[in-house]
$ cat structure-v9.pdb   # PDB, C-alpha atoms and all ligand atoms
ATOM      1  CA  MET A   1      43.054  38.809 -60.771  1.00  0.00           C
ATOM      2  CA  THR A   2      41.856  39.939 -57.333  1.00  0.00           C
ATOM      3  CA  THR A   3      41.147  43.636 -56.775  1.00  0.00           C
ATOM      4  CA  LEU A   4      42.051  45.448 -53.547  1.00  0.00           C
ATOM      5  CA  ALA A   5      38.381  45.509 -52.479  1.00  0.00           C
ATOM      6  CA  THR A   6      38.003  41.742 -53.023  1.00  0.00           C
ATOM      7  CA  ARG A   7      41.188  41.047 -51.055  1.00  0.00           C
ATOM      8  CA  LYS A   8      39.942  43.269 -48.181  1.00  0.00           C
ATOM      9  CA  LYS A   9      36.623  41.389 -48.184  1.00  0.00           C
ATOM     10  CA  LEU A  10      38.439  38.043 -48.169  1.00  0.00           C
ATOM     11  CA  SER A  11      40.628  39.004 -45.229  1.00  0.00           C
ATOM     12  CA  GLU A  12      37.539  40.251 -43.362  1.00  0.00           C
ATOM     13  CA  THR A  13      36.027  36.809 -43.881  1.00  0.00           C
ATOM     14  CA  ALA A  14      39.204  35.117 -42.591  1.00  0.00           C
ATOM     15  CA  ARG A  15      39.278  37.405 -39.540  1.00  0.00           C
ATOM     16  CA  ASN A  16      35.610  36.695 -38.758  1.00  0.00           C
ATOM     17  CA  LEU A  17      36.159  32.965 -39.222  1.00  0.00           C
ATOM     18  CA  PHE A  18      39.025  32.862 -36.728  1.00  0.00           C
ATOM     19  CA  VAL A  19      37.113  34.968 -34.167  1.00  0.00           C
ATOM     20  CA  ASP A  20      34.064  32.690 -34.628  1.00  0.00           C
ATOM     21  CA  LEU A  21      36.170  29.536 -34.185  1.00  0.00           C
ATOM     22  CA  ALA A  22      37.831  30.983 -31.070  1.00  0.00           C
ATOM     23  CA  ILE A  23      34.527  31.904 -29.408  1.00  0.00           C
ATOM     24  CA  ALA A  24      32.976  28.550 -30.365  1.00  0.00           C
ATOM     25  CA  ALA A  25      35.929  26.704 -28.776  1.00  0.00           C
ATOM     26  CA  GLY A  26      35.871  29.005 -25.713  1.00  0.00           C
ATOM     27  CA  PHE A  27      32.133  28.476 -25.296  1.00  0.00           C
ATOM     28  CA  LEU A  28      32.463  24.669 -25.473  1.00  0.00           C
ATOM     29  CA  ILE A  29      35.254  24.731 -22.864  1.00  0.00           C
ATOM     30  CA  ALA A  30      33.248  27.121 -20.611  1.00  0.00           C
ATOM     31  CA  LEU A  31      30.422  24.580 -20.596  1.00  0.00           C
ATOM     32  CA  GLN A  32      32.715  22.149 -18.718  1.00  0.00           C
ATOM     33  CA  PRO A  33      33.708  23.891 -15.443  1.00  0.00           C
ATOM     34  CA  HIS A  34      34.328  20.549 -13.722  1.00  0.00           C
ATOM     35  CA  PHE A  35      36.843  19.659 -16.404  1.00  0.00           C
ATOM     36  CA  THR A  36      38.778  22.963 -16.348  1.00  0.00           C
ATOM     37  CA  GLY A  37      38.406  23.891 -12.666  1.00  0.00           C
ATOM     38  CA  MET A  38      36.722  27.080 -11.451  1.00  0.00           C
ATOM     39  CA  THR A  39      39.693  29.452 -11.864  1.00  0.00           C
ATOM     40  CA  ILE A  40      40.018  28.749 -15.590  1.00  0.00           C
ATOM     41  CA  HIS A  41      36.224  28.685 -15.945  1.00  0.00           C
ATOM     42  CA  GLU A  42      35.753  32.149 -14.451  1.00  0.00           C
ATOM     43  CA  TRP A  43      38.619  33.857 -16.299  1.00  0.00           C
ATOM     44  CA  LEU A  44      37.615  32.159 -19.542  1.00  0.00           C
ATOM     45  CA  GLY A  45      33.999  33.267 -19.006  1.00  0.00           C
ATOM     46  CA  ILE A  46      35.052  36.873 -18.456  1.00  0.00           C
ATOM     47  CA  SER A  47      37.361  36.801 -21.505  1.00  0.00           C
ATOM     48  CA  LEU A  48      34.487  35.383 -23.558  1.00  0.00           C
ATOM     49  CA  GLY A  49      32.439  38.433 -22.565  1.00  0.00           C
ATOM     50  CA  GLY A  50      35.154  40.586 -24.208  1.00  0.00           C
ATOM     51  CA  ALA A  51      35.362  38.258 -27.219  1.00  0.00           C
ATOM     52  CA  PHE A  52      31.580  38.499 -27.763  1.00  0.00           C
ATOM     53  CA  LEU A  53      31.860  42.261 -27.647  1.00  0.00           C
ATOM     54  CA  LEU A  54      34.549  42.083 -30.355  1.00  0.00           C
ATOM     55  CA  HIS A  55      32.345  39.689 -32.361  1.00  0.00           C
ATOM     56  CA  ILE A  56      29.473  42.199 -32.205  1.00  0.00           C
ATOM     57  CA  LEU A  57      31.726  45.166 -33.045  1.00  0.00           C
ATOM     58  CA  LEU A  58      33.074  43.333 -36.113  1.00  0.00           C
ATOM     59  CA  HIS A  59      29.475  43.254 -37.372  1.00  0.00           C
ATOM     60  CA  TRP A  60      28.549  46.808 -36.437  1.00  0.00           C
ATOM     61  CA  ARG A  61      27.697  47.717 -40.047  1.00  0.00           C
ATOM     62  CA  TRP A  62      25.190  44.830 -40.221  1.00  0.00           C
ATOM     63  CA  LEU A  63      23.856  45.785 -36.792  1.00  0.00           C
ATOM     64  CA  TYR A  64      23.402  49.431 -37.755  1.00  0.00           C
ATOM     65  CA  ALA A  65      21.711  48.642 -41.095  1.00  0.00           C
ATOM     66  CA  THR A  66      19.390  45.981 -39.639  1.00  0.00           C
ATOM     67  CA  THR A  67      18.422  47.978 -36.543  1.00  0.00           C
ATOM     68  CA  SER A  68      17.498  51.033 -38.600  1.00  0.00           C
ATOM     69  CA  ARG A  69      15.391  48.937 -41.012  1.00  0.00           C
ATOM     70  CA  PHE A  70      13.860  46.517 -38.476  1.00  0.00           C
ATOM     71  CA  PHE A  71      10.385  48.120 -38.416  1.00  0.00           C
ATOM     72  CA  LYS A  72      10.491  48.945 -42.141  1.00  0.00           C
ATOM     73  CA  LYS A  73      11.373  46.703 -45.055  1.00  0.00           C
ATOM     74  CA  LEU A  74      13.702  43.882 -44.069  1.00  0.00           C
ATOM     75  CA  ALA A  75      14.308  40.383 -45.486  1.00  0.00           C
ATOM     76  CA  ARG A  76      12.790  37.608 -43.353  1.00  0.00           C
ATOM     77  CA  GLN A  77      16.183  35.931 -42.829  1.00  0.00           C
ATOM     78  CA  SER A  78      17.724  39.186 -41.511  1.00  0.00           C
ATOM     79  CA  ARG A  79      14.755  39.685 -39.189  1.00  0.00           C
ATOM     80  CA  ILE A  80      15.149  36.163 -37.773  1.00  0.00           C
ATOM     81  CA  ASN A  81      18.918  36.705 -37.379  1.00  0.00           C
ATOM     82  CA  PHE A  82      18.269  39.985 -35.585  1.00  0.00           C
ATOM     83  CA  ILE A  83      15.840  38.446 -33.085  1.00  0.00           C
ATOM     84  CA  LEU A  84      18.180  35.507 -32.472  1.00  0.00           C
ATOM     85  CA  ASN A  85      21.169  37.833 -32.008  1.00  0.00           C
ATOM     86  CA  LEU A  86      19.158  39.863 -29.496  1.00  0.00           C
ATOM     87  CA  ALA A  87      18.308  36.650 -27.612  1.00  0.00           C
ATOM     88  CA  LEU A  88      22.034  35.757 -27.636  1.00  0.00           C
ATOM     89  CA  LEU A  89      22.965  39.171 -26.320  1.00  0.00           C
ATOM     90  CA  ILE A  90      20.441  38.966 -23.461  1.00  0.00           C
ATOM     91  CA  ASP A  91      21.319  35.349 -22.608  1.00  0.00           C
ATOM     92  CA  PHE A  92      25.104  35.911 -22.573  1.00  0.00           C
ATOM     93  CA  THR A  93      24.660  39.074 -20.493  1.00  0.00           C
ATOM     94  CA  ILE A  94      22.722  37.010 -17.919  1.00  0.00           C
ATOM     95  CA  ILE A  95      25.370  34.223 -17.985  1.00  0.00           C
ATOM     96  CA  THR A  96      28.233  36.681 -17.459  1.00  0.00           C
ATOM     97  CA  LEU A  97      26.536  38.808 -14.781  1.00  0.00           C
ATOM     98  CA  SER A  98      25.172  35.836 -12.801  1.00  0.00           C
ATOM     99  CA  GLY A  99      28.597  34.117 -13.157  1.00  0.00           C
ATOM    100  CA  ILE A 100      30.350  37.160 -11.686  1.00  0.00           C
ATOM    101  CA  LEU A 101      27.773  37.317  -8.869  1.00  0.00           C
ATOM    102  CA  ILE A 102      28.383  33.681  -7.830  1.00  0.00           C
ATOM    103  CA  SER A 103      32.140  33.843  -8.513  1.00  0.00           C
ATOM    104  CA  GLU A 104      34.295  31.710  -6.190  1.00  0.00           C
ATOM    105  CA  GLU A 105      37.716  32.755  -7.522  1.00  0.00           C
ATOM    106  CA  VAL A 106      37.669  36.180  -9.227  1.00  0.00           C
ATOM    107  CA  LEU A 107      35.528  38.158  -6.745  1.00  0.00           C
ATOM    108  CA  PRO A 108      37.601  37.069  -3.679  1.00  0.00           C
ATOM    109  CA  LEU A 109      40.688  38.480  -5.468  1.00  0.00           C
ATOM    110  CA  LEU A 110      38.964  41.868  -5.223  1.00  0.00           C
ATOM    111  CA  GLY A 111      38.180  41.297  -1.542  1.00  0.00           C
ATOM    112  CA  LEU A 112      34.502  40.558  -2.298  1.00  0.00           C
ATOM    113  CA  GLU A 113      32.484  37.439  -1.591  1.00  0.00           C
ATOM    114  CA  GLY A 114      30.341  35.785  -4.244  1.00  0.00           C
ATOM    115  CA  SER A 115      26.686  35.049  -3.560  1.00  0.00           C
ATOM    116  CA  HIS A 116      25.712  31.531  -2.417  1.00  0.00           C
ATOM    117  CA  ASP A 117      22.108  32.131  -3.429  1.00  0.00           C
ATOM    118  CA  MET A 118      20.769  29.129  -5.342  1.00  0.00           C
ATOM    119  CA  VAL A 119      18.619  31.438  -7.495  1.00  0.00           C
ATOM    120  CA  TRP A 120      21.719  33.026  -9.096  1.00  0.00           C
ATOM    121  CA  LYS A 121      23.375  29.629  -9.472  1.00  0.00           C
ATOM    122  CA  SER A 122      20.405  28.083 -11.204  1.00  0.00           C
ATOM    123  CA  LEU A 123      19.961  31.218 -13.359  1.00  0.00           C
ATOM    124  CA  HIS A 124      23.607  30.838 -14.428  1.00  0.00           C
ATOM    125  CA  THR A 125      23.253  27.137 -15.270  1.00  0.00           C
ATOM    126  CA  THR A 126      19.862  27.518 -16.980  1.00  0.00           C
ATOM    127  CA  SER A 127      20.990  30.449 -19.149  1.00  0.00           C
ATOM    128  CA  ALA A 128      24.153  28.478 -20.086  1.00  0.00           C
ATOM    129  CA  ASP A 129      21.989  25.465 -21.061  1.00  0.00           C
ATOM    130  CA  LEU A 130      19.701  27.745 -23.084  1.00  0.00           C
ATOM    131  CA  ALA A 131      22.741  29.257 -24.838  1.00  0.00           C
ATOM    132  CA  ILE A 132      23.607  25.839 -26.307  1.00  0.00           C
ATOM    133  CA  TRP A 133      20.318  25.900 -28.240  1.00  0.00           C
ATOM    134  CA  ILE A 134      20.485  29.538 -29.319  1.00  0.00           C
ATOM    135  CA  VAL A 135      24.144  29.276 -30.389  1.00  0.00           C
ATOM    136  CA  GLY A 136      23.260  26.054 -32.258  1.00  0.00           C
ATOM    137  CA  LEU A 137      20.538  27.901 -34.179  1.00  0.00           C
ATOM    138  CA  HIS A 138      22.813  30.923 -34.722  1.00  0.00           C
ATOM    139  CA  ILE A 139      25.491  28.700 -36.288  1.00  0.00           C
ATOM    140  CA  ALA A 140      22.896  26.726 -38.288  1.00  0.00           C
ATOM    141  CA  LEU A 141      21.611  29.970 -39.846  1.00  0.00           C
ATOM    142  CA  HIS A 142      25.175  30.839 -40.918  1.00  0.00           C
ATOM    143  CA  TRP A 143      26.126  27.311 -41.845  1.00  0.00           C
ATOM    144  CA  LYS A 144      26.645  28.027 -45.577  1.00  0.00           C
ATOM    145  CA  TRP A 145      28.991  30.913 -44.681  1.00  0.00           C
ATOM    146  CA  VAL A 146      30.889  28.729 -42.177  1.00  0.00           C
ATOM    147  CA  LEU A 147      31.343  25.933 -44.723  1.00  0.00           C
ATOM    148  CA  SER A 148      32.519  28.173 -47.560  1.00  0.00           C
ATOM    149  CA  ALA A 149      34.857  30.218 -45.312  1.00  0.00           C
ATOM    150  CA  ALA A 150      36.284  27.030 -43.753  1.00  0.00           C
ATOM    151  CA  ARG A 151      36.766  25.452 -47.170  1.00  0.00           C
ATOM    152  CA  LYS A 152      38.635  28.546 -48.354  1.00  0.00           C
ATOM    153  CA  TYR A 153      40.719  29.401 -45.291  1.00  0.00           C
ATOM    154  CA  LEU A 154      41.145  26.130 -43.402  1.00  0.00           C
ATOM    155  CA  PHE A 155      40.968  23.244 -45.817  1.00  0.00           C
ATOM    156  CA  GLY A 156      42.214  25.155 -48.874  1.00  0.00           C
ATOM    157  CA  TRP A 157      45.143  26.348 -46.788  1.00  0.00           C
ATOM    158  CA  LEU A 158      46.620  22.924 -46.046  1.00  0.00           C
ATOM    159  CA  PRO A 159      47.148  21.727 -49.617  1.00  0.00           C
ATOM    160  CA  ARG A 160      48.663  25.126 -50.534  1.00  0.00           C
ATOM    161  CA  ARG A 161      51.170  24.855 -47.663  1.00  0.00           C
ATOM    162  CA  LYS A 162      51.830  21.280 -48.580  1.00  0.00           C
ATOM    163  CA  ARG A 163      52.352  22.359 -52.188  1.00  0.00           C
ATOM    164  CA  ALA A 164      54.812  25.064 -51.044  1.00  0.00           C
ATOM    165  CA  SER A 165      56.807  22.617 -48.935  1.00  0.00           C
ATOM    166  CA  VAL A 166      56.826  20.111 -51.793  1.00  0.00           C
ATOM    167  CA  ALA A 167      58.097  22.881 -54.119  1.00  0.00           C
ATOM    168  CA  GLN A 168      60.793  23.806 -51.565  1.00  0.00           C
ATOM    169  CA  THR A 169      61.906  20.197 -51.163  1.00  0.00           C
ATOM    170  CA  SER A 170      62.135  19.688 -54.904  1.00  0.00           C
ATOM    171  CA  SER A 171      64.101  22.933 -55.460  1.00  0.00           C
ATOM    172  CA  ALA A 172      66.538  21.952 -52.661  1.00  0.00           C
ATOM    173  CA  ALA A 173      67.091  18.521 -54.211  1.00  0.00           C
TER     174      ALA A 173
HETATM  175  C1  LIG B 201      29.591  30.687 -29.211  1.00  0.00           C
HETATM  176  C2  LIG B 201      29.060  31.807 -29.595  1.00  0.00           C
HETATM  177  C3  LIG B 201      28.922  32.301 -31.024  1.00  0.00           C
HETATM  178  C4  LIG B 201      29.346  31.747 -32.205  1.00  0.00           C
HETATM  179  C5  LIG B 201      30.087  30.436 -32.424  1.00  0.00           C
HETATM  180  C6  LIG B 201      28.956  32.672 -33.266  1.00  0.00           C
HETATM  181  C7  LIG B 201      29.189  32.467 -34.609  1.00  0.00           C
HETATM  182  C8  LIG B 201      28.804  33.320 -35.616  1.00  0.00           C
HETATM  183  C9  LIG B 201      28.961  33.075 -37.021  1.00  0.00           C
HETATM  184  C10 LIG B 201      29.560  31.805 -37.617  1.00  0.00           C
HETATM  185  C11 LIG B 201      28.492  34.157 -37.694  1.00  0.00           C
HETATM  186  C12 LIG B 201      28.451  34.352 -39.221  1.00  0.00           C
HETATM  187  C13 LIG B 201      29.795  34.616 -39.768  1.00  0.00           C
HETATM  188  C14 LIG B 201      30.372  35.969 -39.409  1.00  0.00           C
HETATM  189  O1  LIG B 201      30.011  36.953 -40.097  1.00  0.00           O
HETATM  190  O2  LIG B 201      31.175  36.037 -38.469  1.00  0.00           O
HETATM  191  C15 LIG B 201      28.012  35.118 -36.714  1.00  0.00           C
HETATM  192  C16 LIG B 201      27.468  36.346 -37.006  1.00  0.00           C
HETATM  193  C17 LIG B 201      26.972  37.200 -36.074  1.00  0.00           C
HETATM  194  N1  LIG B 201      26.881  36.986 -34.715  1.00  0.00           N
HETATM  195 FE1  LIG B 201      27.582  35.381 -33.716  1.00  0.00          FE
HETATM  196  N2  LIG B 201      28.333  33.768 -32.704  1.00  0.00           N
HETATM  197  C18 LIG B 201      28.280  33.572 -31.347  1.00  0.00           C
HETATM  198  C19 LIG B 201      27.726  34.411 -30.406  1.00  0.00           C
HETATM  199  C20 LIG B 201      27.145  35.615 -30.684  1.00  0.00           C
HETATM  200  C21 LIG B 201      26.607  36.514 -29.679  1.00  0.00           C
HETATM  201  C22 LIG B 201      26.611  36.278 -28.157  1.00  0.00           C
HETATM  202  C23 LIG B 201      26.131  37.588 -30.322  1.00  0.00           C
HETATM  203  C24 LIG B 201      25.480  38.743 -29.621  1.00  0.00           C
HETATM  204  C25 LIG B 201      24.612  39.510 -30.052  1.00  0.00           C
HETATM  205  C26 LIG B 201      26.361  37.388 -31.764  1.00  0.00           C
HETATM  206  C27 LIG B 201      26.048  38.279 -32.777  1.00  0.00           C
HETATM  207  C28 LIG B 201      26.322  38.097 -34.116  1.00  0.00           C
HETATM  208  C29 LIG B 201      26.052  39.088 -35.155  1.00  0.00           C
HETATM  209  C30 LIG B 201      25.444  40.493 -34.915  1.00  0.00           C
HETATM  210  C31 LIG B 201      26.436  38.521 -36.367  1.00  0.00           C
HETATM  211  C32 LIG B 201      26.335  39.169 -37.772  1.00  0.00           C
HETATM  212  C33 LIG B 201      24.961  39.303 -38.219  1.00  0.00           C
HETATM  213  C34 LIG B 201      24.319  38.031 -38.679  1.00  0.00           C
HETATM  214  O3  LIG B 201      24.554  37.647 -39.837  1.00  0.00           O
HETATM  215  O4  LIG B 201      23.564  37.423 -37.895  1.00  0.00           O
HETATM  216  N3  LIG B 201      26.970  36.172 -31.936  1.00  0.00           N
HETATM  217  N4  LIG B 201      28.205  34.576 -35.463  1.00  0.00           N
HETATM  218  C1  LIG B 202      30.124  31.894 -21.669  1.00  0.00           C
HETATM  219  C2  LIG B 202      30.308  31.965 -20.371  1.00  0.00           C
HETATM  220  C3  LIG B 202      29.958  30.893 -19.369  1.00  0.00           C
HETATM  221  C4  LIG B 202      29.387  29.656 -19.540  1.00  0.00           C
HETATM  222  C5  LIG B 202      28.945  29.001 -20.845  1.00  0.00           C
HETATM  223  C6  LIG B 202      29.257  29.061 -18.233  1.00  0.00           C
HETATM  224  C7  LIG B 202      28.715  27.806 -17.978  1.00  0.00           C
HETATM  225  C8  LIG B 202      28.584  27.231 -16.722  1.00  0.00           C
HETATM  226  C9  LIG B 202      27.933  25.972 -16.448  1.00  0.00           C
HETATM  227  C10 LIG B 202      27.288  25.068 -17.501  1.00  0.00           C
HETATM  228  C11 LIG B 202      28.000  25.752 -15.118  1.00  0.00           C
HETATM  229  C12 LIG B 202      27.342  24.621 -14.323  1.00  0.00           C
HETATM  230  C13 LIG B 202      28.179  23.413 -14.114  1.00  0.00           C
HETATM  231  C14 LIG B 202      27.361  22.395 -13.322  1.00  0.00           C
HETATM  232  O1  LIG B 202      26.400  21.858 -13.860  1.00  0.00           O
HETATM  233  O2  LIG B 202      27.673  22.189 -12.168  1.00  0.00           O
HETATM  234  C15 LIG B 202      28.712  26.865 -14.522  1.00  0.00           C
HETATM  235  C16 LIG B 202      28.994  26.998 -13.186  1.00  0.00           C
HETATM  236  C17 LIG B 202      29.648  28.082 -12.632  1.00  0.00           C
HETATM  237  N1  LIG B 202      30.109  29.196 -13.305  1.00  0.00           N
HETATM  238 FE1  LIG B 202      29.932  29.588 -15.267  1.00  0.00          FE
HETATM  239  N2  LIG B 202      29.757  29.944 -17.287  1.00  0.00           N
HETATM  240  C18 LIG B 202      30.200  31.065 -17.951  1.00  0.00           C
HETATM  241  C19 LIG B 202      30.764  32.193 -17.393  1.00  0.00           C
HETATM  242  C20 LIG B 202      31.084  32.332 -16.055  1.00  0.00           C
HETATM  243  C21 LIG B 202      31.704  33.497 -15.460  1.00  0.00           C
HETATM  244  C22 LIG B 202      32.099  34.767 -16.228  1.00  0.00           C
HETATM  245  C23 LIG B 202      31.840  33.248 -14.136  1.00  0.00           C
HETATM  246  C24 LIG B 202      32.427  34.105 -13.041  1.00  0.00           C
HETATM  247  C25 LIG B 202      33.291  35.074 -13.217  1.00  0.00           C
HETATM  248  C26 LIG B 202      31.303  31.919 -13.864  1.00  0.00           C
HETATM  249  C27 LIG B 202      31.253  31.284 -12.641  1.00  0.00           C
HETATM  250  C28 LIG B 202      30.685  30.055 -12.381  1.00  0.00           C
HETATM  251  C29 LIG B 202      30.603  29.447 -11.051  1.00  0.00           C
HETATM  252  C30 LIG B 202      31.127  30.055  -9.743  1.00  0.00           C
HETATM  253  C31 LIG B 202      29.941  28.209 -11.209  1.00  0.00           C
HETATM  254  C32 LIG B 202      29.627  27.177 -10.106  1.00  0.00           C
HETATM  255  C33 LIG B 202      28.174  27.325  -9.693  1.00  0.00           C
HETATM  256  C34 LIG B 202      27.759  26.300  -8.662  1.00  0.00           C
HETATM  257  O3  LIG B 202      28.425  26.193  -7.648  1.00  0.00           O
HETATM  258  O4  LIG B 202      26.744  25.631  -8.895  1.00  0.00           O
HETATM  259  N3  LIG B 202      30.854  31.397 -15.074  1.00  0.00           N
HETATM  260  N4  LIG B 202      29.035  27.760 -15.531  1.00  0.00           N
END
$ encode --input "structure-v9.pdb" --output "structure tokens" --more "lines below"
Ligand code: HEM
Ligand code: HEM
Amino acid sequence: MTTLATRKKLSETARNLFVDLAIAAGFLIALQPHFTGMTIHEWLGISLGGAFLLHILLHWRWLYATTSRFFKKLARQSRINFILNLALLIDFTIITLSGILISEEVLPLLGLEGSHDMVWKSLHTTSADLAIWIVGLHIALHWKWVLSAARKYLFGWLPRRKRASVAQTSSAA
């Protein structure tokens, strides 16, 4: 029998899983501006900024606990995660800010002109390329969590639905 606390924890896991999947998909699409076109790329990039903020806020308890213990006693894994998360934060801030600076679609809507400076453009592309590696590591370090949450909420979900529809069909017959 599941207690209220266990159920709350489970739904927190499901919520985190869906946010994680959404930002992973958004990130992969944002890496292909030539495929989506610049308008979608820029709005998607800005929305991702908001989604990352949500992702961080959903882990504020972890962030608070780890930050306050960083220079004291802290497990090696948490220390590595912290440093990697900091690198992610810095890298995605650079991607978003440089993206807004070179914007060809969003800034003109506000009556402003984006910079044509190659330095900002190459900073944007290089930080996006770097993000692929850091995000890859970030996901790898949480791989066990991803697998068990996906097994529970994605793959476990299908047979249950299938079972329900089978039960419905048989009761209607
Ligand atoms: C495409 C981008 C990203 C993906 C796919 C991703 C995915 C994940 C996953 C799977 C987890 C573990 C499960 C969970 O508790 O949700 C996690 C945790 C976390 N992520 Fe991300 N993340 C991304 C970007 C970021 C960024 C930009 C930050 C900024 C600092 C960040 C900070 C964190 C934090 C603080 C945690 C919880 C602490 C930890 O265990 O490391 N993530 N992320
Ligand atoms: C997670 C967020 C983002 C990622 C991963 C990302 C990724 C990329 C990549 C990989 C390119 C280079 C494509 C190429 O090789 O030609 C690019 C170009 C570009 N991005 Fe982003 N971007 C993001 C956010 C943004 C935002 C928020 C804006 C503006 C509001 C923006 C504006 C642009 C522009 C204008 C270019 C064209 C640069 C050029 O002419 O060389 N991006 N982006």
$ closest_atom_pairs --input "structure-v9.pdb" --of "chain A" --to "ligand LIG 202 (chain B)" --cutoff "6 Å" --atoms "all atoms listed in the file" --output "JSON lines"
{"residue": "A:Phe27", "atom": "CA", "partner": "B:LIG202", "partner_atom": "C1", "distance": 5.4}
{"residue": "A:Ala30", "atom": "CA", "partner": "B:LIG202", "partner_atom": "C5", "distance": 4.7}
{"residue": "A:Leu31", "atom": "CA", "partner": "B:LIG202", "partner_atom": "C10", "distance": 4.4}
{"residue": "A:Pro33", "atom": "CA", "partner": "B:LIG202", "partner_atom": "C13", "distance": 5.7}
{"residue": "A:Glu42", "atom": "CA", "partner": "B:LIG202", "partner_atom": "C25", "distance": 4.0}
{"residue": "A:Gly45", "atom": "CA", "partner": "B:LIG202", "partner_atom": "C22", "distance": 3.7}
{"residue": "A:Ile46", "atom": "CA", "partner": "B:LIG202", "partner_atom": "C22", "distance": 4.3}
{"residue": "A:Leu48", "atom": "CA", "partner": "B:LIG202", "partner_atom": "C1", "distance": 5.9}
{"residue": "A:Ile95", "atom": "CA", "partner": "B:LIG202", "partner_atom": "C18", "distance": 5.8}
{"residue": "A:Thr96", "atom": "CA", "partner": "B:LIG202", "partner_atom": "C22", "distance": 4.5}
{"residue": "A:Gly99", "atom": "CA", "partner": "B:LIG202", "partner_atom": "C23", "distance": 3.5}
{"residue": "A:Ile100", "atom": "CA", "partner": "B:LIG202", "partner_atom": "C25", "distance": 3.9}
{"residue": "A:Ile102", "atom": "CA", "partner": "B:LIG202", "partner_atom": "C30", "distance": 4.9}
{"residue": "A:Ser103", "atom": "CA", "partner": "B:LIG202", "partner_atom": "C30", "distance": 4.1}
{"residue": "A:Glu104", "atom": "CA", "partner": "B:LIG202", "partner_atom": "C30", "distance": 5.0}
{"residue": "A:Lys121", "atom": "CA", "partner": "B:LIG202", "partner_atom": "O4", "distance": 5.3}
{"residue": "A:Thr125", "atom": "CA", "partner": "B:LIG202", "partner_atom": "C12", "distance": 4.9}
{"residue": "A:Ala128", "atom": "CA", "partner": "B:LIG202", "partner_atom": "C5", "distance": 4.9}
$ resolve_selection --input "structure-v9.pdb" --expression "the PyMOL selection byres (((chain A and resi 78-89) around 9) and not hetatm)" --output "VMD selection string"
chain A and resid 52 63 66 to 67 70 74 to 77 90 to 94 131 134 to 135 137 to 138 141
$ closest_residue --input "structure-v9.pdb" --among "A:Glu105, A:Asp129, A:Asp117, A:Asp20" --to "ligand LIG 201 (chain B)" --atoms "only C-alpha atoms and all ligand atoms"
A:Asp20
$ residues_around --input "structure-v9.pdb" --residues "Ala149 (chain A)" --least-positions-apart "5" --cutoff "10 Å" --atoms "all atoms listed in the file" --output "PyMOL selection string"
chain A and resi 10+13-14+16-18+143-144+154-156
$ closest_residue --input "structure-v9.pdb" --among "A:Ser127, A:Ser47, A:Arg151, A:Leu21" --to "ligand LIG 201 (chain B)" --atoms "all atoms listed in the file"
A:Leu21
$ atom_distance --input "structure-v9.pdb" --atom1 "CA of Phe35 (chain A)" --atom2 "CA of His124 (chain A)"
17.4 Å
$ closest_residue --input "structure-v9.pdb" --among "A:Val106, A:Val19, A:Leu130, A:Val119" --to "Leu54 (chain A)" --atoms "all atoms listed in the file"
A:Val19
$ atom_distance --input "structure-v9.pdb" --atom1 "CA of His34 (chain A)" --atom2 "CA of Leu109 (chain A)"
20.7 Å
$ atom_distance --input "structure-v9.pdb" --atom1 "atom C9 of ligand LIG 201 (chain B)" --atom2 "CA of Ala24 (chain A)"
9.0 Å
$ closest_residue --input "structure-v9.pdb" --among "A:Leu28, A:Ile40, A:Leu112, A:Leu97" --to "ligand LIG 201 (chain B)" --atoms "all atoms listed in the file"
A:Leu28
$ closest_residue --input "structure-v9.pdb" --among "A:Gly136, A:Pro108, A:Gly114, A:Gly37" --to "ligand LIG 201 (chain B)" --atoms "only C-alpha atoms and all ligand atoms"
A:Gly136
$ closest_residue --input "structure-v9.pdb" --among "A:Trp120, A:Trp43, A:Trp133, A:Trp62" --to "ligand LIG 201 (chain B)" --atoms "only C-alpha atoms and all ligand atoms"
A:Trp62
$ build_atoms --input "structure-v9.pdb" --residues "region 73-81 of chain A" --atoms "N, CA and C atoms" --output "PDB file, in the coordinates of the input"
ATOM      1  N   LYS A  73      11.259  47.850 -44.157  1.00  0.00           N
ATOM      2  CA  LYS A  73      11.373  46.703 -45.055  1.00  0.00           C
ATOM      3  C   LYS A  73      12.672  45.944 -44.726  1.00  0.00           C
ATOM      4  N   LEU A  74      12.511  44.676 -44.401  1.00  0.00           N
ATOM      5  CA  LEU A  74      13.702  43.882 -44.069  1.00  0.00           C
ATOM      6  C   LEU A  74      13.451  42.429 -44.465  1.00  0.00           C
ATOM      7  N   ALA A  75      14.462  41.784 -45.073  1.00  0.00           N
ATOM      8  CA  ALA A  75      14.308  40.383 -45.486  1.00  0.00           C
ATOM      9  C   ALA A  75      14.015  39.518 -44.262  1.00  0.00           C
ATOM     10  N   ARG A  76      13.202  38.448 -44.478  1.00  0.00           N
ATOM     11  CA  ARG A  76      12.790  37.608 -43.353  1.00  0.00           C
ATOM     12  C   ARG A  76      13.990  37.005 -42.618  1.00  0.00           C
ATOM     13  N   GLN A  77      14.984  36.550 -43.421  1.00  0.00           N
ATOM     14  CA  GLN A  77      16.183  35.931 -42.829  1.00  0.00           C
ATOM     15  C   GLN A  77      16.912  36.908 -41.892  1.00  0.00           C
ATOM     16  N   SER A  78      17.032  38.188 -42.339  1.00  0.00           N
ATOM     17  CA  SER A  78      17.724  39.186 -41.511  1.00  0.00           C
ATOM     18  C   SER A  78      16.940  39.461 -40.239  1.00  0.00           C
ATOM     19  N   ARG A  79      15.603  39.444 -40.360  1.00  0.00           N
ATOM     20  CA  ARG A  79      14.755  39.685 -39.189  1.00  0.00           C
ATOM     21  C   ARG A  79      14.936  38.561 -38.172  1.00  0.00           C
ATOM     22  N   ILE A  80      14.958  37.319 -38.670  1.00  0.00           N
ATOM     23  CA  ILE A  80      15.149  36.163 -37.773  1.00  0.00           C
ATOM     24  C   ILE A  80      16.525  36.260 -37.109  1.00  0.00           C
ATOM     25  N   ASN A  81      17.561  36.568 -37.930  1.00  0.00           N
ATOM     26  CA  ASN A  81      18.918  36.705 -37.379  1.00  0.00           C
ATOM     27  C   ASN A  81      18.952  37.766 -36.293  1.00  0.00           C
TER      28      ASN A  81
END
